[in-house]
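Asker: This is the structure I have questions about; it appears just below.
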Amino acid sequence: MSESWIAGINPVEGALSNDPERVRELLIENGQRNPRLQELMERARELKIPVQHRPREQLDKLAGAARHQGIVARYEAPPLATENDLVDLLEQAGSDALVLVLDGVTDPHNLGACLRSAAAAKVTAVIVPKDRAVGLTPVARRASAGGADRVPLIAATNLARALRQLKDAGVWITGLAGDTETSIYTIDFKGPVAIVLGSEGEGMRRLTRETCDFVAKIPMPGEMESLNVSVATGVALFEAVRQRSGGQRGAK
């Protein structure tokens, strides 16, 4: 386990709501009168979590690049899940398993936004490479708006091996890429499925793409060639949600 600082009203609120036993203390900017900060202070005190007031400069330093809005929390982060946890997560989800795989996302804002969409879509797990990708930084956690506390994040030491684990467990894998004629709206996302998106600039790596059962694109009638990875994640995940809630079925 390692300690980190969570910055911002929504991320701190998410930690207090979903993982209060790991919150060690709250630091509030001197002179703050924001009613939401007052509510968080009261909740922390009810949970017996120490609350301290500190100068803005100290919070700026602890928050780093994240915007703290007058509050940071010292958080004892649990170790990220690994490939060893994947089988149990898939067994618990059964036929409802929906996995998001991010192959090399490097922008913490994008990772956070993807986690937010994943939590909203009730994703079983999000898998990222342990190396050559951004981790769960304070900026990513803030951008997730609490999503980081609601969906398991697996840091895979070998992404191709993790994808093979998914296939061995009966999960159908669809990767997103622009250079294919297949539309995601023709893919069947019912049952246990995984959706794979690549990095912001390069897309999926070759070995990742070769491991996918299908490669599909998001049709774009406009003049743009691609979407931001977090936007594409939301589109793909909620196409799966639509199908699973009774929308028209695609074809495998």
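Chain identifiers are assigned as A, B, and so on, following the order in which chains appear in the structure tokens; residues are numbered from 1 within each chain, and ligands are numbered from 1 in order of appearance.
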Within 8 Å of region 64-74 of chain A, counting only C-alpha atoms, which residues show up once you throw out same-chain ones fewer than 6 positions away? Write them as a list in words, please.

Answerer: Glu3, Ser4, Trp5, Ile6, Ala7, Gly8, Ile9, Val12, Val23, Arg24, Glu25, Leu26, Leu27, Ile28, Glu29, Gln32, Leu37, Arg56, Pro138, Val139 and Arg142 of chain A

Asker: If you run DSSP on this backbone, which residues of region 3-232 of chain A come out as helix (DSSP H, G or I), and could you give them as a PyMOL selection string?

Answerer: chain A and resi 9-18+20-22+35-46+56-63+83-96+108-120+138-143+147-149+159-168+184-186+206-211+229-232

Asker: Near Asn110 (chain A), counting only C-alpha atoms, which residues have an atom at most 6 Å away, once you skip same-chain residues fewer than 3 positions from it, shown as a PDB file with C-alpha atoms, in the first residue's frame?

Answerer:
ATOM      1  CA  ASP A 107      -2.919  11.371 -20.388  1.00  0.00           C
ATOM      2  CA  ALA A 113     -12.607  10.284 -17.952  1.00  0.00           C
ATOM      3  CA  SER A 230     -12.220   9.003 -23.559  1.00  0.00           C
TER       4      SER A 230
END

Asker: Can you tell me, as a ChimeraX atom specification, what residues are no more than 7 Å from region 151-164 of chain A when counting only C-alpha atoms, ignoring any on the same chain fewer than 2 positions away?

Answerer: /A:80-83,119,123-130,147-149,166-168,207-208,211

Asker: Taking the DSSP secondary structure from the backbone, can you list the residues of region 4-139 of chain A that are strand (DSSP E), as an MDAnalysis selection string?

Answerer: chainID A and resid 4:7 23:29 51:54 71:77 98:103 125:129

Asker: May I ask which of the residues A:Arg141, A:Arg116, A:Arg242, A:His109 is the closest one to Glu200 (chain A), counting only C-alpha atoms?

Answerer: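 With only C-alpha atoms as the atom set, the closest residue is A:His109.
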
Asker: So, counting only C-alpha atoms, which residue among A:Arg209, A:Arg33, A:Arg150, A:Arg244 is closest to Lys190 (chain A)?

Answerer: A:Arg244

Asker: Which residues come within 12 Å of Ala232 (chain A), counting only C-alpha atoms, excluding same-chain residues fewer than 2 positions away, as an mmCIF file with N, CA and C atoms, in the first residue's frame?

Answerer:
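What ended up in out_38.cif:
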data_model
loop_
_atom_site.group_PDB
_atom_site.id
_atom_site.type_symbol
_atom_site.label_atom_id
_atom_site.label_comp_id
_atom_site.auth_asym_id
_atom_site.auth_seq_id
_atom_site.Cartn_x
_atom_site.Cartn_y
_atom_site.Cartn_z
ATOM 1 N N LEU A 100 -13.236 -3.157 -19.900
ATOM 2 C CA LEU A 100 -12.620 -2.110 -20.715
ATOM 3 C C LEU A 100 -11.112 -2.273 -20.649
ATOM 4 N N LEU A 102 -7.516 -0.527 -21.893
ATOM 5 C CA LEU A 102 -6.907 0.690 -22.425
ATOM 6 C C LEU A 102 -5.429 0.403 -22.685
ATOM 7 N N ASN A 110 -7.493 11.746 -19.615
ATOM 8 C CA ASN A 110 -8.175 10.735 -20.408
ATOM 9 C C ASN A 110 -8.453 9.481 -19.588
ATOM 10 N N ALA A 113 -11.327 10.228 -17.247
ATOM 11 C CA ALA A 113 -12.607 10.284 -17.952
ATOM 12 C C ALA A 113 -13.072 8.884 -18.355
ATOM 13 N N CYS A 114 -12.134 8.021 -18.748
ATOM 14 C CA CYS A 114 -12.493 6.638 -19.086
ATOM 15 C C CYS A 114 -13.011 5.895 -17.863
ATOM 16 N N SER A 117 -16.606 6.961 -17.196
ATOM 17 C CA SER A 117 -17.544 6.275 -18.080
ATOM 18 C C SER A 117 -17.680 4.808 -17.697
ATOM 19 N N ALA A 118 -16.567 4.180 -17.332
ATOM 20 C CA ALA A 118 -16.598 2.768 -16.951
ATOM 21 C C ALA A 118 -17.469 2.547 -15.722
ATOM 22 N N GLY A 175 -11.692 -4.741 -30.527
ATOM 23 C CA GLY A 175 -10.804 -3.581 -30.497
ATOM 24 C C GLY A 175 -11.335 -2.488 -31.407
ATOM 25 N N LEU A 176 -11.103 -1.237 -31.020
ATOM 26 C CA LEU A 176 -11.548 -0.105 -31.831
ATOM 27 C C LEU A 176 -10.384 0.455 -32.633
ATOM 28 N N ALA A 177 -10.624 0.652 -33.931
ATOM 29 C CA ALA A 177 -9.624 1.240 -34.832
ATOM 30 C C ALA A 177 -10.368 1.901 -35.986
ATOM 31 N N GLY A 178 -9.736 2.881 -36.579
ATOM 32 C CA GLY A 178 -10.389 3.610 -37.658
ATOM 33 C C GLY A 178 -10.237 2.977 -39.021
ATOM 34 N N ILE A 184 -19.062 -0.566 -35.075
ATOM 35 C CA ILE A 184 -19.365 -1.126 -33.746
ATOM 36 C C ILE A 184 -20.851 -1.433 -33.616
ATOM 37 N N ILE A 195 -13.949 -4.486 -24.499
ATOM 38 C CA ILE A 195 -13.748 -3.452 -25.508
ATOM 39 C C ILE A 195 -12.350 -2.873 -25.302
ATOM 40 N N VAL A 196 -11.567 -2.831 -26.375
ATOM 41 C CA VAL A 196 -10.170 -2.405 -26.299
ATOM 42 C C VAL A 196 -9.976 -1.114 -27.073
ATOM 43 N N LEU A 197 -9.347 -0.142 -26.426
ATOM 44 C CA LEU A 197 -8.966 1.099 -27.098
ATOM 45 C C LEU A 197 -7.473 1.313 -26.924
ATOM 46 N N GLY A 198 -6.857 1.910 -27.943
ATOM 47 C CA GLY A 198 -5.424 2.124 -27.908
ATOM 48 C C GLY A 198 -5.043 3.477 -27.340
ATOM 49 N N SER A 199 -3.780 3.812 -27.491
ATOM 50 C CA SER A 199 -3.248 5.060 -26.954
ATOM 51 C C SER A 199 -3.737 6.246 -27.766
ATOM 52 N N GLU A 200 -3.531 7.441 -27.214
ATOM 53 C CA GLU A 200 -4.035 8.654 -27.848
ATOM 54 C C GLU A 200 -3.477 8.861 -29.256
ATOM 55 N N GLY A 203 -2.884 4.357 -31.217
ATOM 56 C CA GLY A 203 -3.925 3.333 -31.230
ATOM 57 C C GLY A 203 -3.443 2.044 -30.596
ATOM 58 N N ALA A 216 -13.391 -3.007 -34.905
ATOM 59 C CA ALA A 216 -14.506 -2.214 -35.419
ATOM 60 C C ALA A 216 -14.203 -0.732 -35.233
ATOM 61 N N LYS A 217 -14.983 0.081 -35.897
ATOM 62 C CA LYS A 217 -14.805 1.525 -35.796
ATOM 63 C C LYS A 217 -16.111 2.186 -35.403
ATOM 64 N N ILE A 218 -15.991 3.407 -34.890
ATOM 65 C CA ILE A 218 -17.158 4.245 -34.638
ATOM 66 C C ILE A 218 -17.390 5.065 -35.910
ATOM 67 N N PRO A 219 -18.486 4.839 -36.618
ATOM 68 C CA PRO A 219 -18.721 5.585 -37.862
ATOM 69 C C PRO A 219 -18.808 7.082 -37.578
ATOM 70 N N MET A 220 -18.126 7.876 -38.403
ATOM 71 C CA MET A 220 -18.130 9.326 -38.231
ATOM 72 C C MET A 220 -18.419 9.994 -39.567
ATOM 73 N N SER A 226 -10.906 11.013 -36.129
ATOM 74 C CA SER A 226 -10.924 10.206 -34.911
ATOM 75 C C SER A 226 -11.525 11.000 -33.757
ATOM 76 N N LEU A 227 -11.858 10.274 -32.692
ATOM 77 C CA LEU A 227 -12.369 10.876 -31.469
ATOM 78 C C LEU A 227 -11.311 10.785 -30.384
ATOM 79 N N ASN A 228 -11.393 11.664 -29.405
ATOM 80 C CA ASN A 228 -10.586 11.526 -28.201
ATOM 81 C C ASN A 228 -10.863 10.157 -27.588
ATOM 82 N N VAL A 229 -9.839 9.520 -27.021
ATOM 83 C CA VAL A 229 -9.989 8.154 -26.519
ATOM 84 C C VAL A 229 -11.060 8.054 -25.440
ATOM 85 N N SER A 230 -11.200 9.081 -24.609
ATOM 86 C CA SER A 230 -12.220 9.003 -23.559
ATOM 87 C C SER A 230 -13.622 9.142 -24.146
ATOM 88 N N GLY A 234 -16.641 6.199 -24.082
ATOM 89 C CA GLY A 234 -18.031 6.390 -23.700
ATOM 90 C C GLY A 234 -18.997 5.906 -24.759
ATOM 91 N N VAL A 235 -18.710 6.205 -26.030
ATOM 92 C CA VAL A 235 -19.581 5.777 -27.128
ATOM 93 C C VAL A 235 -19.671 4.253 -27.167
ATOM 94 N N ALA A 236 -18.516 3.580 -27.094
ATOM 95 C CA ALA A 236 -18.491 2.122 -27.205
ATOM 96 C C ALA A 236 -19.150 1.451 -26.006
ATOM 97 N N LEU A 237 -18.830 1.921 -24.811
ATOM 98 C CA LEU A 237 -19.408 1.301 -23.619
ATOM 99 C C LEU A 237 -20.922 1.433 -23.603
ATOM 100 N N PHE A 238 -21.416 2.587 -23.996
ATOM 101 C CA PHE A 238 -22.862 2.767 -23.905
ATOM 102 C C PHE A 238 -23.611 2.176 -25.092
ATOM 103 N N GLU A 239 -22.902 1.821 -26.166
ATOM 104 C CA GLU A 239 -23.522 0.965 -27.169
ATOM 105 C C GLU A 239 -23.722 -0.427 -26.568
#

Asker: Check the smallest atom-to-atom distance from each of A:His53, A:Arg205, A:Arg132, A:Lys122 to Thr106 (chain A) using only C-alpha atoms, then report the winner.

Answerer: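 Ranking A:His53, A:Arg205, A:Arg132, A:Lys122 by distance to Thr106 (chain A), first place goes to A:Arg132.
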
Asker: What is the CA of Val171 (chain A)-CA of Ser95 (chain A) distance in Å, reported with one decimal?

Answerer: 9.0 Å
